[in-house]
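Student: Here you go, one structure.
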There are 2 protein chains.
Amino acid sequence: MTPLPSAASPAAGLPRRVGVVGSGLIGASIGLALRRVGVEVLLRDTDPEQVKLAEAMGAGSVWQGERVEHAVVAVPPHAVAAELRAVQVAGIAATASDVASVKSRPIAEAVVAGVDLTAWCPAHPIAGRERGGAASAQADLFAERTWVLCPIPHTSAAALAATEALARACGALPVRATPARHDEAMAALSHLPQVVSSLLAAAAPDLRPGEVALAGQGFRDATRLAESDPTLWSSILEGNRGPVAAHARRLAAELGALADALDHASEASVTKVVTGMMERGRAGRAQLPRKAGTQAARPWGWVGVVLDDRPGQLAALLTAIGEWQVNLEDIGPFEHSLEAPAGVIELAVAPEVAGELVDRLIAAGWVAYHRS
Amino acid sequence: MTPLPSAASPAAGLPRRVGVVGSGLIGASIGLALRRVGVEVLLRDTDPEQVKLAEAMGAGSVWQGERVEHAVVAVPPHAVAAELRAVQVAGIAATASDVASVKSRPIAEAVVAGVDLTAWCPAHPIAGRERGGAASAQADLFAERTWVLCPIPHTSAAALAATEALARACGALPVRATPARHDEAMAALSHLPQVVSSLLAAAAPDLRPGEVALAGQGFRDATRLAESDPTLWSSILEGNRGPVAAHARRLAAELGALADALDHASEASVTKVVTGMMERGRAGRAQLPRKAGTQAARPWGWVGVVLDDRPGQLAALLTAIGEWQVNLEDIGPFEHSLEAPAGVIELAVAPEVAGELVDRLIAAGWVAYHRS
C-alpha cells in the first residue's frame, strides 16, 4: 500500500459537477461533503425517498440525466458493474469511481459487463456506520479517514486524478493499493470482524431469560457491528469469498487450539497459550494508527498526576509545566465525576523528559507517576 | 438469574468500615464509590505503590490490620481463595465478598483452602476497563452496572446482606445467579469476546507494512478488548476452562461452516447463510437491555478551542478559565500531530455557562466554538 503525497491544492483537478448513483449513507455523505466545498452534486437512487431525503439535507439535487464530469457509483458491491455500465451507456459522465468494500470481483464483473475500464477508478472510502440510509449521512464522515484507490492498468490518468481530488475534497486521506491486497486486508480488518461480531451477538438468545443483563461494555463494543445491514453484508462477503473463507478458517483453527489447551493442558501451559495470544493481540492493537489514517504515533512518555476537583488545579499544574519549558504533546481524559474527591490526568511528553518531570512534580508536592 | 427488588434504603445494612484487599482498578474504584457515601475504607495491596496512589485519589487509607465489618477481596480469580483465607485467619473481617469474573473454581479452591464459607458471598461487579491499576479507578465505574451475587448454600444472611448493600452503595444493580450459570453466561458474554478480540487484533501484524491503515472504526471497536491485561485474563480463562472451551468450539464450528459455504456454495446459498447469520446477530443485539451500559453522566456543554503547539498555550487557556471561576468537568483529547500547526482541545463545562465561556474566549483572542 502506498500513501500518496499531499496534493498541491485540495481543489487540484476537482470536478465541478459530480453525479452520485445511490443516495444511501455513503452517497449522501459524499454529496454533503462536496457541496461544502462548492461542487455541484446530482443524486439518483432506485429509491426516490432516499433522493428526497438527501436533497432535503443539502446533499445535492435530483440527477435527471444531465452530463457530469465524474460519477460516483455508491451501491453495494454486486451492483457496481451494472450501474457503471448504465452510466457509460447513457454517456453522461466523463469518468467514474465506486465505493465498494470489495474490489477484485466488481472489476471482473465490469469486464464481463463491457464497462469501459479506462474511465473508471475502483475506490473504497473506509468509513461507515451501523445505520445506513441518507438519514444517517454526515458531511464529515470521511474526515481524516482512509480512501483507498485501486486503479487497474486500464484506468486513465484523468479517472484516477478525479477520484483522488474527490477523496481529498471530502477530507479523506487517499492511499493506493492493488485490488487483491485491498481485498486481503479488508478480509482481516473488516469482513472477518463483521462475521465474528454477528456470531458473538447471535449467542445471546441461547442464554436463559434475564442472563443477557450480565453483558458488559465489552460485549457491547465487540458486537456493535452486528447491527449492520444484512443485505449489504451478504453482497460484501459474497464478493470476497476466498479471503474471508481463509481468514475464517484461520480463526477457527486458533479457537480450536485454545479449546484443546483449555480442555487438556496443564495450568502452566494454559497460562502460556493465553498470555501468548493476548500479547500478540496487544502488539496488533499497538500497530493501529492513533487516529484513522495517520501512521502510528511516536511513543510518548505518559505522566499521571492526581488533581483535586477545584477550579484552577489543572491550570496550576500546566503553568508549572510550562515554566519548566516542558512541551505537552497530548493530554488524557480528565477522569472524574462531580462527586469524586479527586481525579487523575495523564500528560504525554517526550519520553526522555518523563522521568525528570515526575521527579519535579513530586518535589513540588503533586502525587505523580510515570506510566510505563 | 434473579433480579433483586430495590432495597428500602440504599444504606440499609451497609457496613460502616470496609477493608479492600487489592487496590487495582476494581478495588480502588470500590473505595472511591464507598468513600462518597461516607463509608470508612481501608486498603491493602501486595504493591505499595497502588495503595499510595489509591489513597492519594481519595479511595481510603492504608489498612494496617484493623478490624472491619466487611472485606472485599479484589484480586484475580486464582488468588481469591488464598486472600480470603488470609483475612479469616487474621480474624479482621466479619464477612467478605470477592469481585472475580469466574465463580465456580474460586469456590472449589476456597473449600480446599479451608475458608469459612458461611462468612463469604461470592460476587462479581460487571464493570471494567482495558487499563487496570488504581490510576484508572473511577467512583462511578459501577453506576447502573450489574453486580452479580452468587451465594452458595453455606453463605450466611449477614454476608449476603452486606455484599448486596455494598453493591447498591456503589450505584450498581445487584442480581442473583448460581455460580455455574454465572460462569456459563460470562463465557459467552465476556470471555469468548475477549479471546476473539485478541485473535482478531493479532492478525494485524501479518499484513504488509502500512496496510493496517486500512483499519476502520469497526476494527477498533472489535479489538478494543485486546488491550486488556494478559496476566489477569490468563487467570480468568484458566478459571473457566470448560465453558470457554465449549463456546470457542461452537464459534469455530460456525466459522468453519461459513467458510465452507463461501468456498463451495451457490450465490443464493451464500446469501441465505450470511443473511441468516446476521439476522441472528441483530436479534441478539436487540436483547441487550437499553439501560445497562449507559452512563448516568450529566450532559455537559462542550467548548472547542484552537491552540498553538507551543509550551504554555494550554496552561494560559486554563489559567484564564480558572480566573473566570468556571469549573472544568472534563477535557477531550488534544488532537493534533507534530506536523500540524495547531490543535483543537475540547472542554466540558456546565451547559448553562458554555455559551458565555465561548464569548469570553473569543473576546480574549482565542478561536473558540460551542459544539452542539
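Here, A, B, ... name the chains of the C-alpha cells in the order displayed, residue numbers run from 1 inside each chain, and ligands are numbered from 1 in the same displayed order.
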What does the Cα RMSD come to when chain A is optimally superposed on chain B over every C-alpha atom in order?

Tutor: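 After least-squares fitting, the two copies differ by 8.5 Å C-alpha RMSD.
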
Student: Could you give me, as an MDAnalysis selection string, the residues within 6 Å of segment 131-140 of chain A, counting only C-alpha atoms and dropping anything in the same chain fewer than 2 positions from it?

Tutor: chainID A and resid 24:25 28:29 32:33 50 54 129 142:143

Student: Go through B:Arg360, B:Arg280, B:Lys52, B:Arg250 and flag the residue nearest chain A, using only C-alpha atoms for the distances.

Tutor: B:Arg280

Student: Got a sec to tell me which of segment 17-62 of chain B DSSP assigns to strand (DSSP E), as a PyMOL selection string?

Tutor: chain B and resi 17-21+40-44+61-62

Student: Show which residues sit within 12 Å of Pro77 of chain A, as a PyMOL selection string. Count only C-alpha atoms, and ignore same-chain residues fewer than 4 positions away.

Tutor: chain A and resi 22+73+81-84+98-110+122-124+231-240

Student: Once DSSP has gone over the backbone, tell me which residues of segment 208-327 of chain B are in alpha helix (DSSP H), as number ranges by chain.

Tutor: B: 217-222, 230-238, 241-264, 267-287, 313-323

Student: Can you work out the spacing between atom CA of Leu192 of chain B and atom CA of Val212 of chain B in Å, to one decimal?

Tutor: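 Between atom CA of Leu192 of chain B and atom CA of Val212 of chain B the gap works out to 24.1 Å.
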
Student: Looking at only C-alpha atoms, which of B:Arg85, B:Arg36, B:His370, B:Arg44 is the one that sits closest to chain A?

Tutor: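 Ranked by minimum distance to chain A, first place goes to B:Arg36.
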
Student: For the atom pair atom CA of Pro243 of chain A and atom CA of Leu173 of chain A, what is the interatomic distance in Å to one decimal place?

Tutor: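 Computing it gives 25.1 Å between the two atoms.
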